[in-house]
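Asks: Dropping the structure in here first, questions after.
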Amino acid sequence: MTKGGMESVEVFTTEGKGRGLKAQKEFLPGDVIFAEPAYAAVVFDSLTHVICHTCFKRQEKLHRCGQCKFAYYCDRTCQRAAWLNHKNECSAIKRHGKAPSENIRLAARIMWKIEREGSGLSEGCLVSIDELQNHVDSFGEEEKKDLRTDVESFLEFWPPHCQQFGMQFISHVFGVISCNGFTLSDQRGLQAVGVGIFPNLCQANHDCWPNCTVIFNNGNHEAVRSMFHTQMRIELRALSKISPGDELTVSYVDFLNVSEERRKQLKRQYYFDCTCEHCKKQVKDDLMLAVKEGEKKPSADTVKEVVQFSKDTLEKINKARMEGLYHEVVKLCRDCLKKQEPVLGDTNIYLLRILSIASEVLSYLQMFEEAADYAKRMVDGYLKIYHPNNAQLGMAVMRAGVTHWHAGLIEVGHGLICKAYAILLITHGPSHPITKDLEVMRVQTEMELRMFQQNEFMYYKMREAALKNQKIQVMPEPSNENAPSLFHKKE
């Protein structure tokens with residue numbers, strides 16, 4: 001079954017897993033298998049005034065909708081592009097007196113689209129909203145209570161003159177949002193800013209070691225000529241060679257967790273038991289739980305004690321980060337590393353988590369040399385665990401490269417930036433803002449590296465002079481959020 005722009009994929013049904021997507025032709029790493037605009041999407045409640053409601057980019061100055069005073073846009077182009085989806089919402093917000101929560105707004109946008117186009121297949125969609133999984137039957141008591149609250153709020157917000165839907169269908173839509181809502185990120189890919197429904201993407205099954213990745217592309221509304229405008233969309237990109245007939249899979253969770261933990265998370269959030277090869281065979285679990293090798297191997301009790309100490313420290317770190325006590329975070333990391341280093345192996349996930357936090361926070365505090373050392377160790381561990389074309393690996397390698405560059409360690413810095421660029425070319429593509437930024441860094445560090453190789457003394461003199469004349473660049477404040485996960489689930 002293929003439809004409008006989706007000729008290269010086919011929906012198929014598999015025993016035990018339900019529907020899935022299959023490749024109709026060969027794909028190579030970095031190929032875009034398909035791009036899909038959102039069926040409906042909304043900005044998170046907490047960010048409605050700083051994120052454009054059309055392209056989901058973070059902007060300094062946004063134009064506000066003069067009617068409802070709720071929606072914000074980059075410019076007139078984005079505002080015009082939004083009108084079809086915002087028109088009903090605009091008058092409903094005015095009538096209601098205020099904007100409802102993101103879940104209600106997304107459900108309403110889905111139902112206004114059904115009112116306009118019917119509930120059958122939309123152009124380019126392989127399945128209709130009616131056919132998407134809602135998992136309402138699997139909801140626990142707390143989830144059922146949230147669902148009832150959402151349905152009640154929706155009925156208060158939904159205008160009486162619009163098409164009326166039955167309770168069962170309204171519950172179905174909220175169920176679909178709950179288990180299929182896709183996380184939308186800002187143009188730098190660093191912060192989750194909204195949630196959308198992409199029916200074709202919903203058909204891709206999970207694998208902990210997938211052959212595809214999903215990247216959110218904010219589109220380009222800034223081009224002077226409208227023929228170069230591109231729509232906000234997700235892109236399903238190949239991570240490895242895919243042959244015709246192969247199932248297309250994505251990962252719903254971060255791989256950096258032992259198989260048992262990943263399976264628990266998938267069962268809790270998505271209501272299925274993962275049967276992928278990596279879970280069945282517990283591939284890489286030994287690396288993630290590695291202990292120090294050598295003549296004196298630490299005892300099981302010592303390992304248990306250090307792991308518990310690491311977990312307790314991570315809780316304290318989270319608390320200190322929430323309060324912005326970054327020097328306290330550094331102290332906690334250093335103390336934890338002292339305990340971990342004689343006991344845990346270089347790829348142990350508890351050691352890697354502390355190295356990641358330490359390198360990020362030290363970079364923010366401008367303590368680049370110490371940050372670079374931790375970042376390098378973190379990346380060396382990640383490279384042994386992650387798929388070589390993993391987007392999160394690419395972002396971590398980029399961060400480590402930038403940290404080394406700031407520390408004046410130009411050779412290692414340039415090497416890491418080149419490595420990150422090679423990964424992100426596959427996961428994000430050459431036109432993504434992150435890849436473009438990285439290309440600029442690659443060119444700059446290459447030039448500096450040539451200078452360094454010709455005359456080390458002069459390189460450091462010029463670097464010193466440049467740093468004196470230039471305001472020190474402040475690294476972004478460490479975020480308390482993890483990198484945006486694929487699907488938006490309330491924990």
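Each chain in the structure tokens gets a letter, A, B, ..., in the order shown, and its residues are numbered from 1; ligands are numbered from 1 in order too.
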What are the closest atom pairs, with distances in Å to one decimal, for each residue of region 227-289 of chain A lying within 9 Å of region 424-434 of chain A, using only C-alpha atoms, rows by chain and rising residue number, as a tab-separated table?

Replies:
residue	atom	partner	partner_atom	distance
A:Glu235	CA	A:His428	CA	8.7
A:Arg237	CA	A:Thr427	CA	6.6
A:Ala238	CA	A:Ile426	CA	7.7
A:Leu239	CA	A:Ile426	CA	6.8

Asks: Hey, what's within 8 Å of region 151-158 of chain A if we count only C-alpha atoms and toss same-chain stuff fewer than 3 positions away? As a ChimeraX atom specification, please?

Replies: /A:92-93,96,100,104,107-108,147-148,162,167,170-171,174

Asks: Those residues you just picked out, can you put them in a file as an mmCIF file, in the first residue's frame with N, CA, C and O atoms?

Replies:
data_model
loop_
_atom_site.group_PDB
_atom_site.id
_atom_site.type_symbol
_atom_site.label_atom_id
_atom_site.label_comp_id
_atom_site.auth_asym_id
_atom_site.auth_seq_id
_atom_site.Cartn_x
_atom_site.Cartn_y
_atom_site.Cartn_z
ATOM 1 N N ALA A 92 -12.135 29.786 19.146
ATOM 2 C CA ALA A 92 -12.478 28.969 20.328
ATOM 3 C C ALA A 92 -11.800 29.516 21.583
ATOM 4 O O ALA A 92 -12.397 29.538 22.665
ATOM 5 N N ILE A 93 -10.556 29.982 21.449
ATOM 6 C CA ILE A 93 -9.833 30.554 22.603
ATOM 7 C C ILE A 93 -10.528 31.839 23.053
ATOM 8 O O ILE A 93 -10.716 32.067 24.255
ATOM 9 N N HIS A 96 -13.719 30.835 24.792
ATOM 10 C CA HIS A 96 -13.447 30.118 26.053
ATOM 11 C C HIS A 96 -12.851 31.047 27.123
ATOM 12 O O HIS A 96 -12.954 30.777 28.315
ATOM 13 N N PRO A 100 -6.580 26.353 26.409
ATOM 14 C CA PRO A 100 -6.475 25.150 27.249
ATOM 15 C C PRO A 100 -5.068 24.542 27.163
ATOM 16 O O PRO A 100 -4.211 25.070 26.463
ATOM 17 N N ILE A 104 -5.257 19.283 25.083
ATOM 18 C CA ILE A 104 -6.598 19.680 24.592
ATOM 19 C C ILE A 104 -6.449 20.394 23.248
ATOM 20 O O ILE A 104 -7.219 20.149 22.315
ATOM 21 N N ALA A 107 -5.698 17.768 20.538
ATOM 22 C CA ALA A 107 -6.906 16.983 20.220
ATOM 23 C C ALA A 107 -7.869 17.823 19.375
ATOM 24 O O ALA A 107 -8.443 17.339 18.382
ATOM 25 N N ALA A 108 -8.032 19.096 19.756
ATOM 26 C CA ALA A 108 -8.951 19.985 19.019
ATOM 27 C C ALA A 108 -8.471 20.186 17.580
ATOM 28 O O ALA A 108 -9.267 20.134 16.632
ATOM 29 N N LEU A 147 -7.121 10.823 31.570
ATOM 30 C CA LEU A 147 -7.914 10.785 30.337
ATOM 31 C C LEU A 147 -9.289 11.408 30.569
ATOM 32 O O LEU A 147 -9.752 12.236 29.773
ATOM 33 N N ARG A 148 -9.934 11.043 31.688
ATOM 34 C CA ARG A 148 -11.273 11.611 31.992
ATOM 35 C C ARG A 148 -11.197 13.138 32.134
ATOM 36 O O ARG A 148 -12.042 13.863 31.629
ATOM 37 N N CYS A 162 -19.409 23.473 16.138
ATOM 38 C CA CYS A 162 -18.531 22.569 15.371
ATOM 39 C C CYS A 162 -19.101 21.148 15.391
ATOM 40 O O CYS A 162 -19.952 20.829 16.210
ATOM 41 N N MET A 167 -18.055 10.268 22.690
ATOM 42 C CA MET A 167 -17.088 10.123 23.782
ATOM 43 C C MET A 167 -16.002 9.092 23.454
ATOM 44 O O MET A 167 -14.844 9.271 23.783
ATOM 45 N N ILE A 170 -13.484 10.649 21.071
ATOM 46 C CA ILE A 170 -12.662 11.659 21.769
ATOM 47 C C ILE A 170 -11.604 10.946 22.619
ATOM 48 O O ILE A 170 -10.421 11.308 22.605
ATOM 49 N N SER A 171 -12.018 9.896 23.337
ATOM 50 C CA SER A 171 -11.066 9.113 24.147
ATOM 51 C C SER A 171 -10.006 8.479 23.261
ATOM 52 O O SER A 171 -8.829 8.420 23.629
ATOM 53 N N PHE A 174 -7.353 11.080 22.382
ATOM 54 C CA PHE A 174 -6.430 11.323 23.505
ATOM 55 C C PHE A 174 -5.480 10.137 23.721
ATOM 56 O O PHE A 174 -4.319 10.327 24.070
#

Asks: Which distance in Å separates CA of Met6 (chain A) and CA of Val176 (chain A), to one decimal?

Replies: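 The value is 21.8 Å.
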
Asks: Counting only C-alpha atoms, what is within 10 Å of His327 (chain A), bar same-chain residues fewer than 5 positions away, as a ChimeraX atom specification?

Replies: /A:320-321,332-333,361-362,365

Asks: Got a sec to tell me which of region 27-157 of chain A DSSP assigns to strand (DSSP E or B), as a list in words?

Replies: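 Taking region 27-157 of chain A and keeping strand (DSSP E or B) only, one gets Phe27, Val32, Ile33, Phe34, Ala35, Glu36, Ala40, Ala41, Val42, Val43, Ile51, Arg58, His63, Arg64, Tyr72 and Tyr73 of chain A.
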
Asks: Output C-alpha atoms for every residue in that selection, as a CSV table (one decimal), in the first residue's frame.

Replies:
chain,number,residue,atom,x,y,z
A,27,PHE,CA,18.5,2.8,0.9
A,32,VAL,CA,15.7,10.3,3.5
A,33,ILE,CA,13.2,7.4,3.2
A,34,PHE,CA,10.3,9.8,3.6
A,35,ALA,CA,9.5,13.2,4.9
A,36,GLU,CA,6.1,13.8,6.6
A,40,ALA,CA,-1.5,18.3,13.8
A,41,ALA,CA,1.0,19.9,16.2
A,42,VAL,CA,1.2,22.3,19.1
A,43,VAL,CA,3.8,24.2,21.2
A,51,ILE,CA,8.4,29.5,20.1
A,58,ARG,CA,12.9,29.6,19.1
A,63,HIS,CA,4.5,38.5,16.4
A,64,ARG,CA,1.4,37.8,18.4
A,72,TYR,CA,3.0,33.7,18.3
A,73,TYR,CA,4.8,33.6,14.9

Asks: Using backbone DSSP assignments, extract all helix (DSSP H, G or I) residues from region 215-360 of chain A; output them as a PyMOL selection string.

Replies: chain A and resi 226-228+259-270+277-280+285-288+300-322+326-340+349-360

Asks: With distances taken over only C-alpha atoms, which of A:Gln187, A:Asn180, A:Ser122, A:Ser359 is nearest to Phe56 (chain A)?

Replies: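 Ranking A:Gln187, A:Asn180, A:Ser122, A:Ser359 by distance to Phe56 (chain A), first place goes to A:Gln187.
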